[in-house]
Amino acid sequence: MRTVNRLKAFIKKPHNIILVGLAVILAYLTLFPLFSLIRDTFIVHPSEIMSVKGAAVNDYTLFHWRKVFLDGERSAKLFYLPLWNTVQVSLYSSVIAIVLGGAVAWLVTRSNMRFKKFVSVVFIFPYIMPSWTLAMAWLNFFRNRLVGGAPGLFTALTGIATPNWFAYGMFPTSIVLGLHYSPFAYILIGGILRNMDANLEEAAMILKASRAKILARINLPIVMPAILSTFLLVFSSSMSAFAVPAFLGTPVRFQVLTTQLYRTLNGLNPGYGYIMAVVMIVIGTAILAANQWFVGKRKSFTTITGKSSNSSIVNLRKFRTPVSVVLLALVVAVAILPLATFAIESFIMAPGDYSAKNFTAQFWIGEGAEDIGGGEPGVLRNKYLYLALWNSLKLSVIVSLFAGTVGGLAGYAIVRGRGTKLASFVNNLAFFPYLLPSMAFGAIYLSMFAKPTLIIPSLYGSFALLVLVGTVKYLPFASRSGINAMLQLSGEIEEAGVILGIPWHKRMARIIFPIQKASFLSGYLLPFISCMRELALFVLLITPANRVITTLLFQYNEKGWNQWANAINLLIVAIVLIFNTVINKITGASIDKGIGT
Amino acid sequence: MPQIQLNNITKRFGKFVAVDKLNLVIGDGDFVTLLGPSGCGKTTTLRMIAGLETPTEGEIYIDGRLVFSSEKGIDIAPDKRDVGFLFQNYALWPHMTVYQNIAFGLENLKWPKDKIRARVSELLAMLKIVPFEKRYPSELSGGQQQRVAIARTLATGPKVLLLDEPLSNLDAKLRTEMRAELKRLHMETDSTFVYVTHDQLEAMTLSTAICLMKEGLLQQYEAPMKVYAGPSNAFVADFVGSPTINFVETSGNNVNLDEIKAEAPGMRLLFTPVSGSLTLRRDHPVAIGVRPENIRLGEPEGLSGRIYSTLPSGMETIVKIQVGDTQLTSVVFGSVDYPLDSPITVSFAGDACLLFDRETGEKLASGSVRIIP
Ligand SMILES: Nc1ncnc2c1ncn2[C@@H]1O[C@H](COP(=O)(O)OP(=O)(O)OP(=O)(O)O)[C@@H](O)[C@H]1O
Ligand SMILES: [Mg+2]
């Protein structure tokens with residue numbers, strides 16, 4: 001009887017129902033794939049019949065594990081070296097992101113730097129734009145003759161040939177990823193610095209602590225949780241980044257786990273790829289666990305919002321103008337210059353020749369000539385482009401609707417049920433897709449839903465599969481936004497409604513959502529933008545009928561049709577930036593509200 | 001021996017004037033309280049003395065040293081002013097334990113570890129927070145946090161202490177104890193205190209002088225008893241004292257050379273200034289201010305009124321009486337009870353009654369009030 005009563009009390013609370021529902025669905029959509037992934041590392045796949053002697057498809061085998069881990073020189077080439085590269089790239093890019101993003105956050109919130117408004121808007125752009133944007137821009141600038149084509153703008157302008165290590169491989173990959181993810185650091189660290197009570201610094205100042213000491217003993221420890229979560233986000237994102245190392249590493253055969261993953265999953269040994277995916281998940285989970293342990297160990301302290309007065313703004317004095325100018329130059333170089341190079345490259349007939357007579361609109365509006373790119377028409381005349389664009393938009397809108405709604409509900413339920421095991425279970429489940437490398441995630445869904453399972457029909461090659469995989473993959477963004485929105489809202493606000501007998505759906509629609517509209521809507525914006533520029537997740541799932549714009553770009557790029565690729569990239573960036581700006585202006589939703597604290 | 005001097009200090013936030021041409025000399029060893037309604041500029045003044053806020057205009061001297069001057073472009077950094085500051089919201093560092101919070105300033109002074117240990121222990125004991133030494137601020141109650149903040153401010157033994165509502169969050173008993181501690185500390189250390197409080201009693205009992213502000217303007221700066229007995233205007237009279245002063249709103253006329261006849265519905269009064277004479281317009285709007293303890297009940301030949309309510313609090317009883325259109329508050333010693341609406345006579349004792357100009361709020365005179373039969 002007692003249990004029955006407790007159960008009754010339990011299901012009376014809407015958030016419990018949501019939590020139970022999410023726990024079941026998310027376990028199916030994230031844990032089940034994980035098990036299936038692990039199983040895939042132990043079985044013989046159809047393409048592997050030749051290499052695993054005497055085995056039939058679906059036989060259990062330790063072949064892949066042996067080959068990946070214990071095959072001496074071959075393992076080193078296949079796995080250990082790429083793993084080491086991955087770890088290095090992820091570390092370097094995390095450090096770059098934290099140092100750069102943190103510095104900009106400090107300058108914008110705590111100093112009297114100039115151009116604050118402009119810098120704070122434009123600094124986010126690299127994150128809004130597809131990650132390979134910067135990689136392509138890097139190539140447009142610093143390309144050398146190695147790949148056989150023409151050298152880039154830099155060489156054309158200065159006559160200096162760029163060395164390989166500078167143009168390709170580890171160095172540019174780390175820099176590009178670091179720049180791409182530094183907005184994470186900026187948003188997370190800036191959020192804390194902005195809300196940090198200026199009196200905390202002033203109290204130290206009065207007690208005769210030096211500026212450096214205040215930074216080290218007061219500011220840094222207080223933003224430490226933000227630094228740690230930035231590290232988690234940037235490290236796992238860099239680890240699963242595919243496009244950037246693919247663009248920048250291929251010319252010098254610089255391999256990381258994701259590029260190996262692509263080769264093996266697409267090639268003859270998917271079993272190897274699944275093992276690499278498992279390794280990446282293990283690393284990501286370990287960082288997540290370490291992060292939670294560390295944050296939990298330190299007292300969870302709230303930064304009391306106080307008034308920050310003028311005097312807490314550090315006067316940069318004689319550094320003010322130099323620092324401002326350098327930063328301005330940096331954001332222009334990182335966020336605006338790339339777009340200029342795309343524009344230029346897309347108008348150039350023979351690559352590498354930047355003289356006026358070489359400019360042409362052929363690749364935008366040309367009819368298509370036999371001698372250039374096999375008669376491919378300019379992008380604006382290309383019906384495949386419009387089809388892909390339409391697919392991308394459709395997909396992104398649907399994914400963002402699903403992910404945003406589920407994420408918002410998840411945020412609500414997780415915050416309301418805070419402290420219970422169920423809530424933290426759902427919280428971790430909702431974040432888990434973030435740790436799954438996109439491409440492996442795509443691969444698992446491909447194998448999971450290739451044949452009918454339970455009530456779900458075969459989704460192979462269908463649009464629905466893209467929607468499903470996108471929704472689950474971007475749920476972490478949406479649920480973070482939802483959690484942020486709910487954490488800022490005191491429980492009493494809803495309780496006031498409960499006492500008046502307002503039903504749950506009305507409380508959500510009339511009280512909770514309107515108050516935190518901007519934060520909740522950010523949970524729709526992030527999946528939309530991410531989906532618009534996603535490549536790795538879809539690259540294995542796409543069939544010609546449901547090609548999206550990013551995979552189209554990738555195909556042009558693989559064929560070496562540089563001008564079309566640049567033109568399409570410019571289109572993607574323009575669409576994403578315009579959408580972001582319009583949505584931000586109309587609804588107040590923004591990237592930083594979604595990620596931020 | 002620090003003296004603090006503010007010359008014509010003005011602070012504007014944009015167009016808004018938070019502090020307006022403030023002139024203040026805080027003597028060596030003084031204990032000055034800043035008093036005034038919320039938002040009148042107390043915290044801002046304190047912050048300007050500490051160097052946390054830059055005045056728009058004016059000069060500040062601490063201990064004879066010019067620490068700020070808008071004209072000469074001098075602005076000494078807060079850490080060079082040798083002041084202690086207690087923040088209204090405590091500003092405890094959330095990532096440090098109580099011990100670390102208190103020790104931080106001493107570390108900056110490069111004290112040896114054992115001396116820091118001893119000093120912190122002394123403060124923990126004095127502020128009765130020994131058990132919380134290892135806790136983080138988020139694990140303390142508001143009052144405990146406040147005491148940690150006091151300890152942190154006192155630790156380095158600054159000669160000028162700027163305290164922004166240091167006891168606001170303590171319970172009545174603790175507050176009394178802490179007041180005593182602060183007063184002792186002030187005597188023993190010979191330092192100068194500037195103290196913001198909303199608590200009348202605190203201002204009265206602790207300070208050597210009260211600085212009363214309203215909307216950024218200095219109203220009065222004198223010893224507590226002087227402020228109480230001789231407020232410079234109706235605002236000060238109303239702000240200081242609990243229960244608050246009674247105002248009888250009347251119109252006054254000069255009579256008999258130096259006396260003033262004041263009439264209101266249900267009462268005809270004659271005000272006699274203690275010294276000098278004053279000239280009023282015909283039917284000049286004035287208010288007579290009488291402190292509750294100067295209102296006597298039940299004496300013959302008083303005004304006739306009725307009991308409105310009785311509020312006994314043990315040691316004394318507050319009695320509210322309705323006389324004509326005016327409601328008066330009286331305080332009588334001991335616990336008394338009057339039936340509601342019972343008739344009673346009211347008279348005014350002593351020569352500490354005050355006459356205010358109702359148009360400007362200025363005090364015109366102090367004197368005695370007699371009732372004209
Ligand atoms: N940084 C600021 N920017 C703009 N206005 C400010 C700022 N700081 C204070 N003010 C304004 O200046 C006035 C004085 O503020 P101050 O904090 O000194 O008040 P206070 O007397 O300490 O009040 P309280 O008793 O409520 O603490 C207020 O009206 C406040 O709104
Ligand atoms: Mg204040």
# chains A, B, ... in the order shown; residues from 1 in each chain; ligands from 1
>>> select_by_dssp(residues="range 20-94 of chain B", states="alpha helix (DSSP H)", output="PyMOL selection string")
chain B and resi 42-50
>>> interface_residues(of="chain B", to="chain A", cutoff="10 Å", atoms="only C-alpha atoms", output="PyMOL selection string")
chain B and resi 13+47+50-54+77-97+101+104-109+135-139+149+152-153+155-156+158
>>> atom_distance(atom1="CA of Ile568 in chain A", atom2="CA of Met136 in chain A")
11.9 Å
>>> closest_residue(among="B:Ser69, B:Thr33, B:Thr197, B:Ser168", to="ligand 1", atoms="only C-alpha atoms and all ligand atoms")
B:Thr197
>>> residues_around(residues="Leu337 in chain A", least_positions_apart="2", cutoff="12 Å", atoms="only C-alpha atoms", output="list in words")
Val122, Phe125, Pro126, Thr133, Leu134, Met136, Ala137, Trp138, Asn140, Phe141, Leu153, Ala329, Leu330, Val331, Val332, Ala333, Val334, Ala335, Leu339, Ala340, Thr341, Phe342, Ala343, Ile344 and Leu570 of chain A
>>> write_last_selection(atoms="C-alpha atoms", output="PDB file, in the first residue's frame")
ATOM      1  CA  VAL A 122      32.127  38.992 -34.196  1.00  0.00           C
ATOM      2  CA  PHE A 125      31.279  34.012 -35.688  1.00  0.00           C
ATOM      3  CA  PRO A 126      33.923  31.284 -36.059  1.00  0.00           C
ATOM      4  CA  THR A 133      35.517  27.438 -43.009  1.00  0.00           C
ATOM      5  CA  LEU A 134      38.704  28.438 -41.289  1.00  0.00           C
ATOM      6  CA  MET A 136      39.538  26.280 -46.156  1.00  0.00           C
ATOM      7  CA  ALA A 137      40.533  29.853 -45.554  1.00  0.00           C
ATOM      8  CA  TRP A 138      43.846  28.639 -44.220  1.00  0.00           C
ATOM      9  CA  ASN A 140      43.298  29.547 -49.552  1.00  0.00           C
ATOM     10  CA  PHE A 141      45.941  31.634 -47.847  1.00  0.00           C
ATOM     11  CA  LEU A 153      47.125  34.138 -51.580  1.00  0.00           C
ATOM     12  CA  ALA A 329      42.687  42.706 -36.305  1.00  0.00           C
ATOM     13  CA  LEU A 330      42.389  39.183 -34.950  1.00  0.00           C
ATOM     14  CA  VAL A 331      38.607  38.988 -35.120  1.00  0.00           C
ATOM     15  CA  VAL A 332      38.629  40.503 -38.575  1.00  0.00           C
ATOM     16  CA  ALA A 333      41.269  38.001 -39.685  1.00  0.00           C
ATOM     17  CA  VAL A 334      39.410  35.082 -38.182  1.00  0.00           C
ATOM     18  CA  ALA A 335      35.807  35.966 -38.864  1.00  0.00           C
ATOM     19  CA  LEU A 339      34.705  35.032 -46.234  1.00  0.00           C
ATOM     20  CA  ALA A 340      36.635  37.398 -48.463  1.00  0.00           C
ATOM     21  CA  THR A 341      38.922  34.595 -49.568  1.00  0.00           C
ATOM     22  CA  PHE A 342      35.939  32.398 -50.429  1.00  0.00           C
ATOM     23  CA  ALA A 343      34.500  35.156 -52.499  1.00  0.00           C
ATOM     24  CA  ILE A 344      37.778  35.717 -54.313  1.00  0.00           C
ATOM     25  CA  LEU A 570      30.199  31.108 -48.850  1.00  0.00           C
TER      26      LEU A 570
END
>>> residues_near_ligand(ligand="ligand 1", cutoff="8 Å", atoms="only C-alpha atoms and all ligand atoms", output="list of chain:residue names")
A:Lys307, A:Ser308, A:Ser309, A:Asn310, B:Arg12, B:Phe13, B:Gly14, B:Phe16, B:Val17, B:Ala18, B:Val19, B:Gly36, B:Pro37, B:Ser38, B:Gly39, B:Cys40, B:Gly41, B:Lys42, B:Thr43, B:Thr44, B:Thr45, B:Leu46, B:Gln88, B:Asp164, B:Val196, B:Thr197, B:His198, B:Glu215, B:Gly216
>>> write_last_selection(atoms="N, CA, C and O atoms", output="mmCIF file, in the first residue's frame")
data_model
loop_
_atom_site.group_PDB
_atom_site.id
_atom_site.type_symbol
_atom_site.label_atom_id
_atom_site.label_comp_id
_atom_site.auth_asym_id
_atom_site.auth_seq_id
_atom_site.Cartn_x
_atom_site.Cartn_y
_atom_site.Cartn_z
ATOM 1 N N LYS A 307 26.754 44.529 -7.774
ATOM 2 C CA LYS A 307 26.884 45.579 -8.765
ATOM 3 C C LYS A 307 28.353 45.739 -9.103
ATOM 4 O O LYS A 307 29.214 45.723 -8.247
ATOM 5 N N SER A 308 28.625 45.842 -10.368
ATOM 6 C CA SER A 308 30.003 46.107 -10.735
ATOM 7 C C SER A 308 30.079 47.588 -11.086
ATOM 8 O O SER A 308 29.333 48.069 -11.916
ATOM 9 N N SER A 309 30.923 48.274 -10.430
ATOM 10 C CA SER A 309 30.983 49.707 -10.679
ATOM 11 C C SER A 309 32.169 49.990 -11.604
ATOM 12 O O SER A 309 32.926 49.116 -11.953
ATOM 13 N N ASN A 310 32.310 51.232 -11.964
ATOM 14 C CA ASN A 310 33.344 51.607 -12.919
ATOM 15 C C ASN A 310 34.733 51.174 -12.479
ATOM 16 O O ASN A 310 35.544 50.768 -13.280
ATOM 17 N N ARG B 12 28.918 61.790 -9.592
ATOM 18 C CA ARG B 12 27.799 61.630 -10.527
ATOM 19 C C ARG B 12 27.913 60.302 -11.243
ATOM 20 O O ARG B 12 28.994 59.911 -11.652
ATOM 21 N N PHE B 13 26.777 59.607 -11.376
ATOM 22 C CA PHE B 13 26.715 58.444 -12.265
ATOM 23 C C PHE B 13 25.928 58.904 -13.473
ATOM 24 O O PHE B 13 24.709 59.011 -13.411
ATOM 25 N N GLY B 14 26.616 59.210 -14.535
ATOM 26 C CA GLY B 14 25.928 59.820 -15.672
ATOM 27 C C GLY B 14 25.384 61.160 -15.224
ATOM 28 O O GLY B 14 26.129 62.007 -14.741
ATOM 29 N N PHE B 16 22.926 61.373 -12.941
ATOM 30 C CA PHE B 16 22.425 61.226 -11.589
ATOM 31 C C PHE B 16 23.495 61.612 -10.560
ATOM 32 O O PHE B 16 24.632 61.152 -10.630
ATOM 33 N N VAL B 17 23.112 62.483 -9.630
ATOM 34 C CA VAL B 17 24.073 62.913 -8.618
ATOM 35 C C VAL B 17 23.903 62.050 -7.377
ATOM 36 O O VAL B 17 22.888 62.133 -6.690
ATOM 37 N N ALA B 18 24.885 61.204 -7.092
ATOM 38 C CA ALA B 18 24.781 60.300 -5.945
ATOM 39 C C ALA B 18 25.259 60.984 -4.672
ATOM 40 O O ALA B 18 24.698 60.785 -3.603
ATOM 41 N N VAL B 19 26.296 61.798 -4.779
ATOM 42 C CA VAL B 19 26.802 62.561 -3.637
ATOM 43 C C VAL B 19 27.057 63.984 -4.134
ATOM 44 O O VAL B 19 27.667 64.180 -5.179
ATOM 45 N N GLY B 36 21.113 57.521 6.880
ATOM 46 C CA GLY B 36 20.245 58.106 5.871
ATOM 47 C C GLY B 36 19.441 57.027 5.192
ATOM 48 O O GLY B 36 19.772 55.846 5.290
ATOM 49 N N PRO B 37 18.396 57.441 4.503
ATOM 50 C CA PRO B 37 17.536 56.451 3.848
ATOM 51 C C PRO B 37 18.284 55.708 2.748
ATOM 52 O O PRO B 37 19.325 56.156 2.279
ATOM 53 N N SER B 38 17.741 54.584 2.366
ATOM 54 C CA SER B 38 18.364 53.761 1.335
ATOM 55 C C SER B 38 18.580 54.569 0.058
ATOM 56 O O SER B 38 17.712 55.311 -0.367
ATOM 57 N N GLY B 39 19.768 54.431 -0.513
ATOM 58 C CA GLY B 39 20.063 55.109 -1.771
ATOM 59 C C GLY B 39 20.510 56.551 -1.620
ATOM 60 O O GLY B 39 20.599 57.278 -2.593
ATOM 61 N N CYS B 40 20.847 56.977 -0.387
ATOM 62 C CA CYS B 40 21.202 58.382 -0.197
ATOM 63 C C CYS B 40 22.686 58.638 -0.461
ATOM 64 O O CYS B 40 23.146 59.763 -0.412
ATOM 65 N N GLY B 41 23.450 57.592 -0.731
ATOM 66 C CA GLY B 41 24.853 57.815 -1.079
ATOM 67 C C GLY B 41 25.851 57.408 -0.010
ATOM 68 O O GLY B 41 27.020 57.794 -0.080
ATOM 69 N N LYS B 42 25.438 56.626 0.961
ATOM 70 C CA LYS B 42 26.352 56.231 2.034
ATOM 71 C C LYS B 42 27.458 55.324 1.520
ATOM 72 O O LYS B 42 28.647 55.575 1.738
ATOM 73 N N THR B 43 27.043 54.273 0.836
ATOM 74 C CA THR B 43 28.044 53.336 0.315
ATOM 75 C C THR B 43 28.975 54.050 -0.651
ATOM 76 O O THR B 43 30.197 53.855 -0.615
ATOM 77 N N THR B 44 28.395 54.889 -1.482
ATOM 78 C CA THR B 44 29.217 55.627 -2.446
ATOM 79 C C THR B 44 30.271 56.470 -1.732
ATOM 80 O O THR B 44 31.436 56.497 -2.127
ATOM 81 N N THR B 45 29.867 57.147 -0.664
ATOM 82 C CA THR B 45 30.819 57.962 0.087
ATOM 83 C C THR B 45 31.947 57.107 0.641
ATOM 84 O O THR B 45 33.134 57.439 0.508
ATOM 85 N N LEU B 46 31.567 55.998 1.222
ATOM 86 C CA LEU B 46 32.559 55.110 1.805
ATOM 87 C C LEU B 46 33.530 54.612 0.732
ATOM 88 O O LEU B 46 34.749 54.575 0.927
ATOM 89 N N GLN B 88 29.093 45.831 2.116
ATOM 90 C CA GLN B 88 27.702 45.639 2.513
ATOM 91 C C GLN B 88 27.239 44.203 2.235
ATOM 92 O O GLN B 88 26.488 43.630 2.991
ATOM 93 N N ASP B 164 30.550 49.035 6.081
ATOM 94 C CA ASP B 164 29.245 49.262 5.470
ATOM 95 C C ASP B 164 28.225 48.286 6.054
ATOM 96 O O ASP B 164 28.204 47.115 5.693
ATOM 97 N N VAL B 196 28.520 52.670 8.375
ATOM 98 C CA VAL B 196 27.177 52.887 7.823
ATOM 99 C C VAL B 196 26.205 51.988 8.549
ATOM 100 O O VAL B 196 26.492 50.816 8.779
ATOM 101 N N THR B 197 25.087 52.533 8.932
ATOM 102 C CA THR B 197 24.093 51.684 9.583
ATOM 103 C C THR B 197 22.696 52.222 9.334
ATOM 104 O O THR B 197 22.512 53.394 9.001
ATOM 105 N N HIS B 198 21.743 51.333 9.438
ATOM 106 C CA HIS B 198 20.342 51.764 9.379
ATOM 107 C C HIS B 198 19.736 51.743 10.772
ATOM 108 O O HIS B 198 18.581 52.074 10.956
ATOM 109 N N GLU B 215 19.506 62.050 -0.253
ATOM 110 C CA GLU B 215 19.674 62.226 -1.694
ATOM 111 C C GLU B 215 21.023 62.870 -2.042
ATOM 112 O O GLU B 215 21.097 63.803 -2.835
ATOM 113 N N GLY B 216 22.055 62.381 -1.407
ATOM 114 C CA GLY B 216 23.397 62.841 -1.735
ATOM 115 C C GLY B 216 23.812 64.123 -1.040
ATOM 116 O O GLY B 216 24.953 64.564 -1.176
#
>>> residues_around(residues="Gly29 in chain B", least_positions_apart="3", cutoff="12 Å", atoms="only C-alpha atoms", output="list in words")
Met1, Pro2, Gln3, Ile4, Val25, Ile26, Val32, Asp63, Lys159, Val160, Leu161, Lys183, Leu185, His186, Met187, Glu188, Thr189, Asp190, Ser191, Thr192, Phe193, Val194, Ser207, Thr208 and Ala209 of chain B
>>> closest_residue(among="A:Ile128, A:Val57, A:Val282, A:Leu395", to="Val469 in chain A", atoms="only C-alpha atoms")
A:Leu395
>>> residues_around(residues="range 510-514 of chain A", least_positions_apart="6", cutoff="9 Å", atoms="only C-alpha atoms", output="PyMOL selection string")
chain A and resi 486+489+493-494+497+520
